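**Q** Can you read through this structure? Questions will come right after.
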Amino acid sequence: MNLKRTLFFSLPLALFSMYRPVAAQDVAAGKALYAQCIACHATDANNGVGPGLKDLVGRKAGTAAGFRFSRAMKTSNVTWTEKTLDAYLAEPQKVVPGNVMPFSGMPDAAQRANLVAYLATLK
Ligand code: HEC
């Protein structure tokens with residue numbers, strides 16, 4: 001086998017073995033971070049101090065059945081997506097001014113990405 005042939009066959013293999021799907025978000029890490037939310041938010045539809053977060057991604061803010069939301073949350077006109085959740089968790093009062101969630105925010109973007117990835121699994 002000449003060099004060209006060797007490269008032709010081994011290079012794609014080398015590249016392929018180097019490739020592994022890099023998860024930008026880490027659901028397991030997000031689940032651990034959820035410890036900061038669990039006191040108020042169930043992962044199912046049950047409401048506590050805060051609304052249950054089942055089916056959060058895709059729903060309109062302030063619409064979880066049976067939970068008494070603040071006027072600010074009800075009229076925010078926000079739909080929870082990965083993007084709006086990231087912004088809300090960074091600075092809750094900036095995204096929904098006047099909301100009554102007693103949480104000052106999670107400044108670390110990587111942590112937020114992991115947490116939001118976990119929130120997206122709540123179905
Ligand atoms: C001390 C209690 C408390 C903690 C801790 C808390 N929340 Fe909340 N959360 C609330 C309350 C109360 C509301 C409703 C706010 C309102 O109506 O203005 C809320 C609302 C929300 C909403 C909007 C839900 C909807 O259906 O519109 C999301 C999303 C949310 N919280 C996520 C989180 C996440 C994620 C964490 C953890 C990082 C967290 N919260 C920590 C009490 C809390």
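Simple scheme: letters A, B, ... for chains in structure tokens order, numbers from 1 for residues in each chain, numbers from 1 for ligands in the order shown.
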As a count of residues only, please: the residues near A:Gly52 (cut-off 6 Å, only C-alpha atoms, same-chain neighbours under 6 positions excluded).
**A** 6
**Q** Give as a VMD selection string the residues surrounding ligand 1 up to a distance of 8 Å, considering only C-alpha atoms and all ligand atoms.
**A** chain A and resid 33 to 41 49 to 53 56 59 to 64 68 to 74 80 85 88 to 89 96 98 to 103 105 to 106 115 to 116 119
**Q** I need the residues from that last selection saved to file as a PDB file, in the first residue's frame (with C-alpha atoms), if you can.
**A**
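selection_36.pdb written:
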```
ATOM      1  CA  LEU A  33     -28.764  22.301  39.656  1.00  0.00           C
ATOM      2  CA  TYR A  34     -32.504  21.789  39.974  1.00  0.00           C
ATOM      3  CA  ALA A  35     -31.810  21.407  43.696  1.00  0.00           C
ATOM      4  CA  GLN A  36     -32.072  25.210  43.703  1.00  0.00           C
ATOM      5  CA  CYS A  37     -35.646  25.025  42.407  1.00  0.00           C
ATOM      6  CA  ILE A  38     -37.116  21.899  43.985  1.00  0.00           C
ATOM      7  CA  ALA A  39     -38.208  23.586  47.228  1.00  0.00           C
ATOM      8  CA  CYS A  40     -40.746  25.563  45.228  1.00  0.00           C
ATOM      9  CA  HIS A  41     -41.215  23.672  41.958  1.00  0.00           C
ATOM     10  CA  VAL A  49     -44.876  27.612  46.367  1.00  0.00           C
ATOM     11  CA  GLY A  50     -44.269  27.804  42.618  1.00  0.00           C
ATOM     12  CA  PRO A  51     -46.091  26.109  39.741  1.00  0.00           C
ATOM     13  CA  GLY A  52     -45.266  22.536  38.725  1.00  0.00           C
ATOM     14  CA  LEU A  53     -42.833  22.595  35.820  1.00  0.00           C
ATOM     15  CA  LEU A  56     -42.774  23.888  30.806  1.00  0.00           C
ATOM     16  CA  ARG A  59     -46.171  26.770  27.361  1.00  0.00           C
ATOM     17  CA  LYS A  60     -47.181  30.354  27.874  1.00  0.00           C
ATOM     18  CA  ALA A  61     -45.937  31.961  31.082  1.00  0.00           C
ATOM     19  CA  GLY A  62     -48.481  32.195  33.846  1.00  0.00           C
ATOM     20  CA  THR A  63     -50.832  29.544  32.522  1.00  0.00           C
ATOM     21  CA  ALA A  64     -50.088  26.416  34.633  1.00  0.00           C
ATOM     22  CA  ARG A  68     -52.199  31.675  41.327  1.00  0.00           C
ATOM     23  CA  PHE A  69     -49.677  33.638  39.320  1.00  0.00           C
ATOM     24  CA  SER A  70     -48.821  37.270  39.811  1.00  0.00           C
ATOM     25  CA  ARG A  71     -50.408  39.723  37.425  1.00  0.00           C
ATOM     26  CA  ALA A  72     -46.917  40.393  36.084  1.00  0.00           C
ATOM     27  CA  MET A  73     -46.432  36.754  35.093  1.00  0.00           C
ATOM     28  CA  LYS A  74     -49.954  36.352  33.714  1.00  0.00           C
ATOM     29  CA  TRP A  80     -41.197  29.483  27.608  1.00  0.00           C
ATOM     30  CA  LEU A  85     -35.933  30.390  30.007  1.00  0.00           C
ATOM     31  CA  TYR A  88     -35.445  34.484  32.735  1.00  0.00           C
ATOM     32  CA  LEU A  89     -33.178  32.306  34.865  1.00  0.00           C
ATOM     33  CA  VAL A  96     -40.783  39.455  33.726  1.00  0.00           C
ATOM     34  CA  GLY A  98     -42.636  42.499  38.914  1.00  0.00           C
ATOM     35  CA  ASN A  99     -42.917  38.702  39.019  1.00  0.00           C
ATOM     36  CA  VAL A 100     -42.950  37.299  42.537  1.00  0.00           C
ATOM     37  CA  MET A 101     -40.520  34.387  42.190  1.00  0.00           C
ATOM     38  CA  PRO A 102     -38.038  34.789  45.047  1.00  0.00           C
ATOM     39  CA  PHE A 103     -34.965  33.861  43.022  1.00  0.00           C
ATOM     40  CA  GLY A 105     -30.891  34.612  39.130  1.00  0.00           C
ATOM     41  CA  MET A 106     -28.239  32.195  37.960  1.00  0.00           C
ATOM     42  CA  LEU A 115     -30.542  23.528  33.781  1.00  0.00           C
ATOM     43  CA  VAL A 116     -32.656  24.486  30.766  1.00  0.00           C
ATOM     44  CA  LEU A 119     -36.170  21.500  32.258  1.00  0.00           C
TER      45      LEU A 119
END
```
**Q** Tell me, in Å to one decimal, how far atom CA of A:Thr121 is from atom CA of A:Asn47.
**A** 18.0 Å
**Q** Could you tell me, as a list in words, which residues of stretch 33-92 of chain A DSSP assigns to helix (DSSP H, G or I) when given the backbone?
**A**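 Filtering stretch 33-92 of chain A down to helix (DSSP H, G or I) leaves Leu33, Tyr34, Ala35, Gln36, Arg71, Ala72, Met73, Lys74, Glu82, Lys83, Thr84, Leu85, Asp86, Ala87, Tyr88, Leu89, Ala90 and Pro92 of chain A.
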**Q** Could you save those same residues with N, CA, C and O atoms as an mmCIF file, in the first residue's frame?
**A**
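Result file is part_7.cif:
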```
data_model
loop_
_atom_site.group_PDB
_atom_site.id
_atom_site.type_symbol
_atom_site.label_atom_id
_atom_site.label_comp_id
_atom_site.auth_asym_id
_atom_site.auth_seq_id
_atom_site.Cartn_x
_atom_site.Cartn_y
_atom_site.Cartn_z
ATOM 1 N N LEU A 33 -28.503 20.879 39.401
ATOM 2 C CA LEU A 33 -28.764 22.301 39.656
ATOM 3 C C LEU A 33 -30.216 22.554 40.052
ATOM 4 O O LEU A 33 -30.525 23.543 40.714
ATOM 5 N N TYR A 34 -31.075 21.645 39.648
ATOM 6 C CA TYR A 34 -32.504 21.789 39.974
ATOM 7 C C TYR A 34 -32.735 21.754 41.485
ATOM 8 O O TYR A 34 -33.813 22.145 41.956
ATOM 9 N N ALA A 35 -31.732 21.348 42.233
ATOM 10 C CA ALA A 35 -31.810 21.407 43.696
ATOM 11 C C ALA A 35 -32.144 22.824 44.164
ATOM 12 O O ALA A 35 -32.749 23.000 45.218
ATOM 13 N N GLN A 36 -31.786 23.808 43.349
ATOM 14 C CA GLN A 36 -32.072 25.210 43.703
ATOM 15 C C GLN A 36 -33.528 25.593 43.452
ATOM 16 O O GLN A 36 -33.954 26.679 43.813
ATOM 17 N N ARG A 71 -49.909 39.034 38.607
ATOM 18 C CA ARG A 71 -50.408 39.723 37.425
ATOM 19 C C ARG A 71 -49.263 39.891 36.415
ATOM 20 O O ARG A 71 -49.456 39.737 35.204
ATOM 21 N N ALA A 72 -48.079 40.185 36.952
ATOM 22 C CA ALA A 72 -46.917 40.393 36.084
ATOM 23 C C ALA A 72 -46.653 39.163 35.221
ATOM 24 O O ALA A 72 -46.404 39.273 34.012
ATOM 25 N N MET A 73 -46.717 37.983 35.845
ATOM 26 C CA MET A 73 -46.432 36.754 35.093
ATOM 27 C C MET A 73 -47.562 36.468 34.107
ATOM 28 O O MET A 73 -47.316 36.103 32.955
ATOM 29 N N LYS A 74 -48.797 36.662 34.572
ATOM 30 C CA LYS A 74 -49.954 36.352 33.714
ATOM 31 C C LYS A 74 -50.009 37.222 32.471
ATOM 32 O O LYS A 74 -50.459 36.790 31.417
ATOM 33 N N GLU A 82 -36.288 27.497 25.171
ATOM 34 C CA GLU A 82 -34.927 27.425 25.707
ATOM 35 C C GLU A 82 -34.347 28.840 25.859
ATOM 36 O O GLU A 82 -33.662 29.139 26.823
ATOM 37 N N LYS A 83 -34.675 29.690 24.904
ATOM 38 C CA LYS A 83 -34.114 31.038 24.902
ATOM 39 C C LYS A 83 -34.716 31.919 26.006
ATOM 40 O O LYS A 83 -33.989 32.585 26.746
ATOM 41 N N THR A 84 -36.043 31.914 26.112
ATOM 42 C CA THR A 84 -36.663 32.783 27.128
ATOM 43 C C THR A 84 -36.360 32.264 28.536
ATOM 44 O O THR A 84 -36.187 33.051 29.462
ATOM 45 N N LEU A 85 -36.272 30.938 28.682
ATOM 46 C CA LEU A 85 -35.933 30.390 30.007
ATOM 47 C C LEU A 85 -34.515 30.783 30.401
ATOM 48 O O LEU A 85 -34.257 31.142 31.548
ATOM 49 N N ASP A 86 -33.610 30.739 29.432
ATOM 50 C CA ASP A 86 -32.233 31.123 29.733
ATOM 51 C C ASP A 86 -32.197 32.574 30.227
ATOM 52 O O ASP A 86 -31.565 32.880 31.235
ATOM 53 N N ALA A 87 -32.900 33.444 29.529
ATOM 54 C CA ALA A 87 -32.902 34.860 29.915
ATOM 55 C C ALA A 87 -33.579 35.058 31.271
ATOM 56 O O ALA A 87 -33.100 35.811 32.125
ATOM 57 N N TYR A 88 -34.701 34.347 31.479
ATOM 58 C CA TYR A 88 -35.445 34.484 32.735
ATOM 59 C C TYR A 88 -34.617 33.990 33.923
ATOM 60 O O TYR A 88 -34.575 34.638 34.967
ATOM 61 N N LEU A 89 -33.960 32.858 33.747
ATOM 62 C CA LEU A 89 -33.178 32.306 34.865
ATOM 63 C C LEU A 89 -31.938 33.156 35.150
ATOM 64 O O LEU A 89 -31.449 33.177 36.272
ATOM 65 N N ALA A 90 -31.454 33.862 34.142
ATOM 66 C CA ALA A 90 -30.321 34.757 34.374
ATOM 67 C C ALA A 90 -30.770 35.945 35.218
ATOM 68 O O ALA A 90 -30.137 36.285 36.217
ATOM 69 N N PRO A 92 -34.482 37.064 36.429
ATOM 70 C CA PRO A 92 -35.950 36.945 36.422
ATOM 71 C C PRO A 92 -36.680 38.286 36.357
ATOM 72 O O PRO A 92 -37.665 38.416 35.639
#
```
**Q** Do you have the atom CA of A:Ala113-atom CA of A:Val78 distance handy?
**A**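 Distance between the two atoms: 18.7 Å.
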**Q** How many Å separate atom CA of A:Leu122 from atom CA of A:Lys54?
**A**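 Here the two named atoms are 5.0 Å from each other.
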**Q** Write out as a list in words which residues come within 8 Å of A:Ala28 when counting only C-alpha atoms, dropping same-chain ones fewer than 3 positions away.
**A** Lys31, Ala32, Asn114 and Tyr118 of chain A
